[in-house]
Every structure is written in C-alpha cells, then in structure tokens.
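*Asks:* One file: work04.txt (compact mmCIF, C-alpha atoms).
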# COMPACT_ATOMS: atom_id res chain seq x y z
CA MET I 270 173.20 47.12 86.86
CA ASN I 271 170.42 49.71 86.76
CA ARG I 272 170.26 52.22 89.59
CA LYS I 273 167.44 51.83 92.08
CA VAL I 274 164.50 54.20 91.85
CA THR I 275 164.20 55.91 95.25
CA LYS I 276 162.73 59.30 94.34
CA ALA I 277 159.21 60.11 93.15
CA ILE I 278 157.57 63.31 91.94
CA PHE I 279 153.91 63.93 92.71
CA PRO I 280 152.46 66.74 90.53
CA VAL I 281 149.67 68.16 92.71
CA ALA I 282 149.48 71.80 91.62
CA GLY I 283 146.17 71.49 89.75
CA MET I 284 143.15 73.49 90.92
CA GLY I 285 140.70 70.59 90.69
CA THR I 286 138.07 72.66 88.92
CA ARG I 287 136.05 69.57 87.94
CA PHE I 288 135.25 69.12 91.63
CA LEU I 289 134.12 72.64 92.44
CA PRO I 290 132.76 73.82 94.80
CA ALA I 291 134.46 71.24 97.06
CA THR I 292 137.93 72.20 95.82
CA LYS I 293 137.36 75.88 96.57
CA SER I 294 138.85 75.21 100.01
CA VAL I 295 139.94 71.53 99.94
CA PRO I 296 142.81 70.36 97.71
CA LYS I 297 141.51 67.66 95.40
CA GLU I 298 144.33 65.34 96.47
CA ILE I 299 142.98 65.06 100.00
CA MET I 300 139.40 64.37 99.00
CA THR I 301 138.60 60.99 100.51
CA LEU I 302 138.14 57.76 98.61
CA VAL I 303 136.22 55.72 101.21
CA ASP I 304 138.26 56.89 104.23
CA ARG I 305 141.67 57.70 102.76
CA PRO I 306 142.66 60.78 100.75
CA LEU I 307 143.64 60.22 97.14
CA ILE I 308 147.21 61.20 97.94
CA GLN I 309 147.48 58.46 100.57
CA TYR I 310 146.84 55.80 97.92
CA ALA I 311 149.67 57.28 95.85
CA ILE I 312 152.04 57.44 98.83
CA ASP I 313 151.28 53.85 99.85
CA GLU I 314 151.97 52.67 96.30
CA ALA I 315 155.26 54.57 96.21
CA ARG I 316 156.37 53.13 99.54
CA ALA I 317 155.62 49.59 98.35
CA ALA I 318 157.87 50.25 95.34
CA GLY I 319 160.81 51.28 97.52
CA ILE I 320 160.50 55.06 97.18
CA LYS I 321 162.33 56.92 99.97
CA GLU I 322 162.14 60.56 98.85
CA PHE I 323 158.78 62.16 98.04
CA ILE I 324 158.73 65.39 96.03
CA PHE I 325 155.46 67.30 95.76
CA VAL I 326 155.03 69.96 93.09
CA THR I 327 152.34 72.19 94.57
CA SER I 328 150.75 75.59 94.13
CA ARG I 329 149.02 78.24 96.21
CA GLY I 330 146.19 76.90 98.40
CA LYS I 331 147.69 73.46 99.06
CA GLY I 332 148.52 74.05 102.74
CA ALA I 333 146.05 71.38 103.88
CA LEU I 334 147.93 68.85 101.77
CA GLU I 335 151.19 69.68 103.53
CA ASP I 336 149.50 69.53 106.95
CA TYR I 337 148.10 66.09 106.18
CA PHE I 338 151.57 64.53 106.28
CA ASP I 339 152.60 66.29 109.47
CA HIS I 340 152.32 64.84 112.96
CA ALA I 341 149.23 65.79 114.99
CA PRO I 342 150.45 65.59 118.62
CA GLN I 343 147.19 66.69 120.26
CA LEU I 344 145.13 64.16 118.30
CA GLU I 345 147.66 61.41 118.93
CA GLN I 346 147.73 62.14 122.67
CA GLU I 347 143.93 62.05 122.85
CA LEU I 348 143.76 58.71 121.03
CA GLN I 349 146.48 57.36 123.28
CA ARG I 350 144.59 58.51 126.38
CA LYS I 351 141.45 56.75 125.19
CA GLY I 352 143.33 53.57 124.30
CA LYS I 353 142.40 53.74 120.61
CA THR I 354 145.52 52.00 119.37
CA ASP I 355 143.90 50.93 116.10
CA LEU I 356 143.36 54.57 115.11
CA LEU I 357 146.89 55.44 116.21
CA GLU I 358 148.17 52.84 113.76
CA VAL I 359 146.07 54.40 111.01
CA LEU I 360 147.57 57.81 111.76
CA GLU I 361 151.08 56.36 111.73
CA ASN I 362 150.77 55.59 108.03
CA THR I 363 149.99 59.25 107.28
CA ASN I 364 153.15 60.60 108.93
CA MET I 365 156.30 61.28 106.91
CA ASP I 366 159.78 61.26 108.40
CA SER I 367 161.59 64.57 108.58
CA GLY I 368 163.58 65.10 105.40
CA ALA I 369 161.70 62.46 103.40
CA ILE I 370 159.27 64.91 101.84
CA ALA I 371 159.84 68.13 99.93
CA TYR I 372 157.48 70.73 98.46
CA ILE I 373 158.19 72.81 95.36
CA ARG I 374 155.90 75.51 93.98
CA GLN I 375 154.80 75.55 90.36
CA HIS I 376 153.93 79.22 89.95
CA LYS I 377 152.30 78.91 86.52
CA ALA I 378 150.05 76.15 85.19
CA LEU I 379 152.21 75.26 82.18
CA GLY I 380 151.51 71.53 82.03
CA LEU I 381 152.73 68.20 83.40
CA GLY I 382 156.12 68.49 81.73
CA HIS I 383 156.73 71.83 83.40
CA ALA I 384 155.62 70.46 86.79
CA VAL I 385 158.15 67.62 86.55
CA TRP I 386 160.85 70.03 85.37
CA CYS I 387 160.29 72.16 88.49
CA ALA I 388 161.71 69.29 90.59
CA ARG I 389 164.89 68.88 88.53
CA ARG I 390 167.34 70.11 91.20
CA LEU I 391 166.07 67.54 93.70
CA ILE I 392 166.37 64.72 91.16
CA GLY I 393 169.92 65.41 90.04
CA ASP I 394 171.34 62.56 87.95
CA GLU I 395 169.15 59.76 89.31
CA PRO I 396 166.26 57.85 87.74
CA PHE I 397 162.94 58.83 89.23
CA ALA I 398 159.26 57.97 89.26
CA VAL I 399 156.29 60.21 88.54
CA ILE I 400 152.94 59.38 90.09
CA LEU I 401 149.71 61.17 89.20
CA PRO I 402 147.39 60.81 92.24
CA ASP I 403 144.28 61.18 90.04
CA ASP I 404 145.04 57.73 88.62
CA VAL I 405 144.18 55.28 91.38
CA ILE I 406 145.05 51.68 90.54
CA ALA I 407 143.59 48.67 92.32
CA ALA I 408 146.09 45.81 92.06
CA ASP I 409 147.26 42.82 94.09
CA LYS I 410 150.82 44.07 93.57
CA PRO I 411 150.94 47.89 93.39
CA CYS I 412 151.45 49.22 89.87
CA LEU I 413 154.67 51.13 90.55
CA GLN I 414 156.15 48.08 92.27
CA GLN I 415 155.42 46.03 89.14
CA MET I 416 157.15 48.68 87.05
CA VAL I 417 160.20 48.97 89.31
CA GLU I 418 160.72 45.21 89.07
CA ALA I 419 160.48 45.34 85.26
CA TYR I 420 162.74 48.42 85.16
CA ALA I 421 165.46 46.46 86.97
CA GLU I 422 165.71 44.37 83.79
CA THR I 423 165.36 47.08 81.13
CA GLY I 424 166.57 50.40 82.54
CA GLY I 425 165.84 53.39 80.34
CA ASN I 426 162.40 54.95 80.55
CA MET I 427 159.11 53.24 81.27
CA VAL I 428 155.47 54.34 81.13
CA ALA I 429 152.43 52.49 82.43
CA ALA I 430 150.06 51.60 79.60
CA MET I 431 146.56 50.25 79.23
CA GLU I 432 144.29 49.49 76.30
CA VAL I 433 141.58 52.05 75.54
CA ALA I 434 138.74 52.27 73.05
CA PRO I 435 139.57 54.30 69.89
CA GLU I 436 137.14 57.06 70.80
CA LYS I 437 139.01 57.58 74.09
CA ALA I 438 142.42 58.05 72.46
CA SER I 439 142.09 61.84 72.32
CA SER I 440 142.23 61.95 76.13
CA TYR I 441 145.65 60.26 76.41
CA GLY I 442 149.17 60.02 75.17
CA VAL I 443 149.20 56.96 72.87
CA LEU I 444 152.11 54.62 72.16
CA ASP I 445 153.45 53.72 68.73
CA VAL I 446 154.75 50.18 69.32
CA SER I 447 157.73 48.70 67.48
CA GLU I 448 157.86 45.39 69.37
CA ASP I 449 155.24 43.71 71.56
CA MET I 450 156.74 41.46 74.22
CA GLY I 451 153.60 40.77 76.23
CA SER I 452 153.60 42.75 79.44
CA MET I 453 156.29 44.99 77.93
CA VAL I 454 156.36 46.84 74.61
CA LYS I 455 159.20 48.67 72.89
CA VAL I 456 158.12 52.16 71.91
CA ARG I 457 159.12 53.93 68.71
CA GLY I 458 156.86 56.95 69.13
CA MET I 459 154.32 58.71 71.33
CA VAL I 460 151.45 60.92 70.24
CA GLU I 461 149.74 63.24 72.70
CA LYS I 462 145.93 63.21 72.49
CA PRO I 463 145.54 62.06 68.88
CA LYS I 464 142.27 61.88 67.02
CA ALA I 465 140.78 58.38 66.98
CA GLU I 466 141.67 57.82 63.33
CA GLU I 467 145.26 59.01 63.89
CA ALA I 468 146.09 56.97 67.01
CA PRO I 469 149.06 54.64 66.32
CA SER I 470 147.73 51.95 68.71
CA ASN I 471 145.18 51.38 71.45
CA LEU I 472 147.81 51.56 74.21
CA ALA I 473 147.40 54.70 76.27
CA VAL I 474 149.84 56.14 78.79
CA ILE I 475 148.44 56.57 82.29
CA GLY I 476 149.85 58.27 85.36
CA ARG I 477 152.87 56.16 86.30
CA TYR I 478 156.34 56.76 84.90
CA ILE I 479 159.93 55.74 85.58
CA LEU I 480 162.23 58.20 83.84
CA SER I 481 165.90 58.84 83.31
CA PRO I 482 167.31 62.27 84.27
CA SER I 483 167.93 63.01 80.59
CA VAL I 484 164.16 63.58 80.27
CA LEU I 485 164.65 66.63 82.50
CA THR I 486 167.37 67.83 80.14
CA ASN I 487 164.92 67.49 77.27
CA LEU I 488 162.38 69.55 79.21
CA ASN I 489 164.90 72.42 79.44
CA THR I 490 164.30 73.23 75.79
CA MET I 491 160.72 72.07 75.36
CA SER I 492 158.17 74.44 73.86
CA SER I 493 154.42 74.22 74.25
CA GLY I 494 152.79 71.14 72.77
CA ALA I 495 149.21 69.83 72.74
CA GLY I 496 146.78 72.11 74.56
CA GLY I 497 149.38 74.89 74.71
CA GLU I 498 151.16 73.12 77.60
CA ILE I 499 154.65 71.69 78.05
CA GLN I 500 153.98 67.99 77.63
CA LEU I 501 155.93 65.30 79.48
CA THR I 502 155.05 62.98 76.59
CA ASP I 503 157.08 65.16 74.20
CA ALA I 504 160.17 64.98 76.42
CA ILE I 505 159.87 61.18 76.64
CA ALA I 506 159.39 60.98 72.86
CA GLU I 507 162.69 62.88 72.49
CA GLU I 508 164.36 60.02 74.37
CA ILE I 509 163.10 57.63 71.71
CA ASN I 510 164.92 59.71 69.10
CA ASN I 511 168.07 60.01 71.21
CA THR I 512 168.44 56.55 72.76
CA GLY I 513 165.49 54.35 71.80
CA ASN I 514 165.21 53.12 75.38
CA VAL I 515 161.53 53.78 76.07
CA TYR I 516 159.17 50.98 77.09
CA GLY I 517 155.49 50.66 77.80
CA TYR I 518 154.39 48.39 80.61
CA ARG I 519 150.99 46.71 80.65
CA PHE I 520 150.33 46.73 84.37
CA ARG I 521 148.10 44.21 86.11
CA GLY I 522 145.24 45.98 87.84
CA GLN I 523 142.27 48.26 87.35
CA ARG I 524 142.76 51.98 86.89
CA PHE I 525 140.21 54.55 88.03
CA ASP I 526 140.26 58.11 86.74
CA CYS I 527 139.62 59.94 89.99
CA GLY I 528 140.14 63.26 88.24
CA SER I 529 136.58 62.85 86.97
CA LYS I 530 133.44 62.67 89.05
CA SER I 531 132.24 59.42 87.50
CA GLY I 532 135.64 57.78 87.95
CA PHE I 533 135.78 58.93 91.56
CA LEU I 534 132.34 57.42 92.24
CA GLN I 535 133.28 54.16 90.51
CA ALA I 536 136.44 53.92 92.60
CA THR I 537 134.48 54.62 95.78
CA VAL I 538 132.13 51.73 95.06
CA ALA I 539 134.94 49.36 94.01
CA PHE I 540 137.13 50.09 97.03
CA GLY I 541 134.13 50.03 99.34
CA LEU I 542 133.18 46.55 98.16
CA GLU I 543 136.73 45.37 98.89
CA ARG I 544 136.35 46.32 102.54
CA GLU I 545 135.04 43.59 104.83
CA ASP I 546 133.53 46.15 107.19
CA LEU I 547 131.57 47.83 104.38
CA ARG I 548 130.89 45.10 101.84
CA GLU I 549 127.65 43.68 103.25
CA ASP I 550 125.80 46.98 103.73
CA LEU I 551 127.08 48.48 100.49
CA SER I 552 126.20 45.38 98.46
CA ALA I 553 122.70 45.33 99.92
CA TYR I 554 122.22 48.99 99.04
CA LEU I 555 123.46 48.53 95.47
CA ASN I 556 121.18 45.51 95.02
CA ASP I 557 118.24 47.63 96.23
CA VAL I 558 119.13 50.36 93.75
CA VAL I 559 119.24 47.86 90.88
CA SER I 560 115.93 46.33 91.97
CA MET I 561 114.25 49.73 92.13
CA GLY I 562 115.59 50.58 88.71
CA LYS I 563 114.19 47.41 87.20
CA ALA I 564 110.84 48.00 88.91
CA ALA I 565 110.70 51.50 87.49
CA GLU I 566 111.19 50.14 83.97
Is it possible to give me this structure as structure tokens?
*Replies:*
Amino acid sequence: MNRKVTKAIFPVAGMGTRFLPATKSVPKEIMTLVDRPLIQYAIDEARAAGIKEFIFVTSRGKGALEDYFDHAPQLEQELQRKGKTDLLEVLENTNMDSGAIAYIRQHKALGLGHAVWCARRLIGDEPFAVILPDDVIAADKPCLQQMVEAYAETGGNMVAAMEVAPEKASSYGVLDVSEDMGSMVKVRGMVEKPKAEEAPSNLAVIGRYILSPSVLTNLNTMSSGAGGEIQLTDAIAEEINNTGNVYGYRFRGQRFDCGSKSGFLQATVAFGLEREDLREDLSAYLNDVVSMGKAAE
C-alpha cells in the first residue's frame, strides 16, 4: 500500500519581475485573482487533496505572504461586532493552524530543483507534493486531488501533464512517453525546455508533482541544467533511470499561467464569469467590448 501524501512544498521565493512595479512591495503570490490571492487557490487545492503540512520556500521580502496566513484578531473582532458572519467565514479559510505551516528561506535563486531541495529536512522519508502557485487550475475536482487518487494506485513519482503546441515546447519540461494509458502515461524520459523540433512529445509538465523522497537524494548531487539552474526535471529524470517509476497524469481542468500578465488576465475573466455575483455585469461588459471592437472594424 502506498503511503499517503500529507506534505506539500510551495516554492514562492521568486521576485515576480514580470509584474513590476506591483511586486516591488507586494509578493506576487498574494496578488488577487478576483478576490483571492494566488496562494489561496493553491492552499485550497492542497487541502482538498488531503495535505496537512504546508512548507513554503520563501526569500527576503515575503513577510506579507507569511502575515496573510496569520490570524487578524482586531479585524475579526470588528467583523464580529458588526455581525458580518459571512466575512468571518471567508477569513476562516485563510487561517492556518499552529504547526501546520513552515517557512524556509532560499538564499540564492538557483532554480526550482534547489528550492525543493531546501525543504528536504522537513520531508524526511515521505512522499510529498509540489505545487507552483503560478499555475492556477480550474477543475470540478481539484488537480492535486485527481493526482493523489491516481497515485494511490501507482506510487512512484507523478507529474501533471497537458498537451501544448510544438512552438510552446521550449517553455516547459516535455515528457518522452513509453506507454500511453489514457489519463496516465508511463515516462521513459524528460527533456527540459527543448526546441520544437527536438521535443519528444506534446505533453508538457506543469506545476503539480507528487514525488518520492529519493528525488531529494538525486538533488543532492545535481549540477546546473537548462538556464544555468538546478532543474527539478533532471532529478525526476534520474528516477526514470534508477527505478522507472515515473508517470505523467493528464489532469481534467483548465490551466492558467498566472506567472504571465496575459494568463493572469485570462484567469481573472474566467474565474469572474464563474461567480454568480459577478457574471451578469462582467458578461455585459465583455459583450460591449466585443461590440465596440466590431464597430471599429
């Protein structure tokens, strides 16, 4: 029987330079998508998957991120006094129990693999998840929950995968597939950011992983890979050589790249249209924009 996945690493040490000047003083992870910070979407997804321990790999200037998950007694008392129980319930979802959350500093920007490696002592010998908050996934059943259920059958290592156009391959780690089983594929290789003509498939790895602790052992000896960084993809690829137990999982849902401005805007519109309290006004506005565009043509 495979061990349950109860720990998750959230690499949040990046400077968010694509969102300057906003990220000069605001960590990118707490920029709001509709009315929830990006990190809240990641936390909610992790909770739905049964995660109990939340490990944040941070850097200097992320104090506001840490404060976000703390209790706010003065605010809570004021809402209680005014009888705003609905807002109190909203705040409740942002609080983390004492001991459930840990923060580790990544002192140098050496890549995703290095960020995950920084959390090795808190992982120990247990399987663990990695969630990249930039990748926001809209799904009826949260992506990581889908993966945890599949992992219960396979064990090993699992990466979330989606199909991408060939010209987009150079932005992702791409899977070399040995066996396609529908929602699951057996992986015989991984290539980090290949050229379009060198990509082994159209299945790209996105920011959800379930990994065995041996990946952390691999990271102990990893040298710089693509982009001069220590790549998590390389450490997972080493597992293919050692054990062959690496799988790709075609998740059901729509992924938004909220690390880019266009992806963030697309997600804002998509999530806004899902909200009953926003749908009517937002739809009317978007229809007006389309109409004005057609008139201008």
*Asks:* Which residue, I:Ala311, I:Gln414, I:Gly528, I:Pro435, has the smallest gap to Gly283 (chain I) when you use only C-alpha atoms?
*Replies:* I:Gly528
*Asks:* Quick one: residues within 10 Å of region 362-374 of chain I, all atoms listed in the file, excluding same-chain residues fewer than 5 positions away - as a PyMOL selection string?
*Replies:* chain I and resi 276-282+305-306+308-309+312-313+320-329+331+335-341+357+384+387-388+391
*Asks:* Would you list the residues near (166.3, 73.9, 82.9), meaning any protein, DNA or RNA residue with an atom at most 12 Å from that point in file coordinates, counting only C-alpha atoms, as a list in words?
*Replies:*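 Answer for this query, in the requested form: Gly382, His383, Ala384, Val385, Trp386, Cys387, Ala388, Arg389, Arg390, Gly393, Pro482, Ser483, Val484, Leu485, Thr486, Asn487, Leu488, Asn489, Thr490 and Met491 of chain I.
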*Asks:* Give me, as a list in words, all polymer residues having an atom no more than 12 Å from Leu344 (chain I), counting all atoms listed in the file and skipping those fewer than 2 positions away in the same chain.
*Replies:*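 The contact residues come out as Asp339, His340, Ala341, Pro342, Gln346, Glu347, Leu348, Gln349, Arg350, Lys351, Lys353, Leu356, Leu357, Leu360 and Glu361 of chain I.
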*Asks:* Mind writing the picked residues with C-alpha atoms as a CSV table (one decimal), keeping the file's coordinate frame?
*Replies:*
chain,number,residue,atom,x,y,z
I,339,ASP,CA,152.6,66.3,109.5
I,340,HIS,CA,152.3,64.8,113.0
I,341,ALA,CA,149.2,65.8,115.0
I,342,PRO,CA,150.4,65.6,118.6
I,346,GLN,CA,147.7,62.1,122.7
I,347,GLU,CA,143.9,62.0,122.8
I,348,LEU,CA,143.8,58.7,121.0
I,349,GLN,CA,146.5,57.4,123.3
I,350,ARG,CA,144.6,58.5,126.4
I,351,LYS,CA,141.4,56.8,125.2
I,353,LYS,CA,142.4,53.7,120.6
I,356,LEU,CA,143.4,54.6,115.1
I,357,LEU,CA,146.9,55.4,116.2
I,360,LEU,CA,147.6,57.8,111.8
I,361,GLU,CA,151.1,56.4,111.7
*Asks:* Please identify all polymer residues within 10 Å of region 532-547 of chain I, counting only C-alpha atoms, omitting same-chain residues fewer than 2 positions from it, and present them as a compact mmCIF listing (two decimals) with C-alpha atoms, in the frame of the given file.
*Replies:*
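Generated file (selection_9.txt):
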# COMPACT_ATOMS: atom_id res chain seq x y z
CA MET I 300 139.40 64.37 99.00
CA THR I 301 138.60 60.99 100.51
CA LEU I 302 138.14 57.76 98.61
CA VAL I 303 136.22 55.72 101.21
CA ASP I 304 138.26 56.89 104.23
CA LEU I 307 143.64 60.22 97.14
CA ASP I 403 144.28 61.18 90.04
CA ASP I 404 145.04 57.73 88.62
CA VAL I 405 144.18 55.28 91.38
CA ILE I 406 145.05 51.68 90.54
CA ALA I 407 143.59 48.67 92.32
CA GLN I 523 142.27 48.26 87.35
CA ARG I 524 142.76 51.98 86.89
CA PHE I 525 140.21 54.55 88.03
CA ASP I 526 140.26 58.11 86.74
CA CYS I 527 139.62 59.94 89.99
CA GLY I 528 140.14 63.26 88.24
CA SER I 529 136.58 62.85 86.97
CA LYS I 530 133.44 62.67 89.05
CA GLU I 549 127.65 43.68 103.25
CA ASP I 550 125.80 46.98 103.73
CA LEU I 551 127.08 48.48 100.49
CA SER I 552 126.20 45.38 98.46
CA LEU I 555 123.46 48.53 95.47
*Asks:* Give me, please, the distance in Å between CA of Tyr420 (chain I) and CA of Arg272 (chain I), quoted to one decimal.
*Replies:* 9.5 Å
*Asks:* One decimal, Å: what's the distance from CA of Asn471 (chain I) over to CA of Leu381 (chain I), could you say?
*Replies:*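 Separation between CA of Asn471 (chain I) and CA of Leu381 (chain I): 22.0 Å.
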*Asks:* For the atom pair CA of Ala333 (chain I) and CA of Ala317 (chain I), what is the interatomic distance in Å to one decimal place?
*Replies:*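 Separation between CA of Ala333 (chain I) and CA of Ala317 (chain I): 24.4 Å.
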*Asks:* Missing atoms in region 410-427 of chain I: fill them in up to N, CA, C and O atoms and send the result as a tab-separated table (two decimals), keeping the file's coordinate frame.
*Replies:*
chain	number	residue	atom	x	y	z
I	410	LYS	N	149.49	43.50	93.39
I	410	LYS	CA	150.82	44.07	93.57
I	410	LYS	C	150.76	45.50	93.02
I	410	LYS	O	150.40	45.70	91.86
I	411	PRO	N	151.08	46.50	93.84
I	411	PRO	CA	150.94	47.89	93.39
I	411	PRO	C	151.63	48.14	92.05
I	411	PRO	O	152.69	47.58	91.76
I	412	CYS	N	150.99	48.98	91.24
I	412	CYS	CA	151.45	49.22	89.87
I	412	CYS	C	152.91	49.66	89.82
I	412	CYS	O	153.70	49.13	89.04
I	413	LEU	N	153.29	50.64	90.63
I	413	LEU	CA	154.67	51.13	90.55
I	413	LEU	C	155.66	50.05	90.96
I	413	LEU	O	156.76	49.96	90.42
I	414	GLN	N	155.28	49.20	91.89
I	414	GLN	CA	156.15	48.08	92.27
I	414	GLN	C	156.36	47.14	91.09
I	414	GLN	O	157.48	46.66	90.84
I	415	GLN	N	155.28	46.85	90.34
I	415	GLN	CA	155.42	46.03	89.14
I	415	GLN	C	156.41	46.67	88.17
I	415	GLN	O	157.27	45.99	87.59
I	416	MET	N	156.30	47.98	88.00
I	416	MET	CA	157.15	48.68	87.05
I	416	MET	C	158.61	48.71	87.50
I	416	MET	O	159.53	48.52	86.69
I	417	VAL	N	158.83	48.94	88.80
I	417	VAL	CA	160.20	48.97	89.31
I	417	VAL	C	160.88	47.62	89.09
I	417	VAL	O	162.07	47.55	88.73
I	418	GLU	N	160.15	46.54	89.29
I	418	GLU	CA	160.72	45.21	89.07
I	418	GLU	C	161.05	44.99	87.60
I	418	GLU	O	162.10	44.41	87.27
I	419	ALA	N	160.19	45.46	86.69
I	419	ALA	CA	160.48	45.34	85.26
I	419	ALA	C	161.64	46.25	84.86
I	419	ALA	O	162.48	45.88	84.04
I	420	TYR	N	161.68	47.45	85.46
I	420	TYR	CA	162.74	48.42	85.16
I	420	TYR	C	164.11	47.88	85.52
I	420	TYR	O	165.12	48.18	84.86
I	421	ALA	N	164.18	47.05	86.56
I	421	ALA	CA	165.46	46.46	86.97
I	421	ALA	C	166.07	45.65	85.83
I	421	ALA	O	167.29	45.48	85.76
I	422	GLU	N	165.23	45.16	84.92
I	422	GLU	CA	165.71	44.37	83.79
I	422	GLU	C	166.02	45.23	82.56
I	422	GLU	O	166.95	44.93	81.81
I	423	THR	N	165.25	46.31	82.37
I	423	THR	CA	165.36	47.08	81.13
I	423	THR	C	166.15	48.37	81.27
I	423	THR	O	166.85	48.78	80.34
I	424	GLY	N	166.01	49.05	82.43
I	424	GLY	CA	166.57	50.40	82.54
I	424	GLY	C	165.82	51.35	81.62
I	424	GLY	O	164.69	51.08	81.19
I	425	GLY	N	166.44	52.45	81.27
I	425	GLY	CA	165.84	53.39	80.34
I	425	GLY	C	164.69	54.16	80.92
I	425	GLY	O	164.74	54.68	82.04
I	426	ASN	N	163.60	54.23	80.16
I	426	ASN	CA	162.40	54.95	80.55
I	426	ASN	C	161.20	54.02	80.40
I	426	ASN	O	161.14	53.23	79.45
I	427	MET	N	160.26	54.13	81.30
I	427	MET	CA	159.11	53.24	81.27
I	427	MET	C	157.84	54.01	81.62
I	427	MET	O	157.83	54.82	82.54
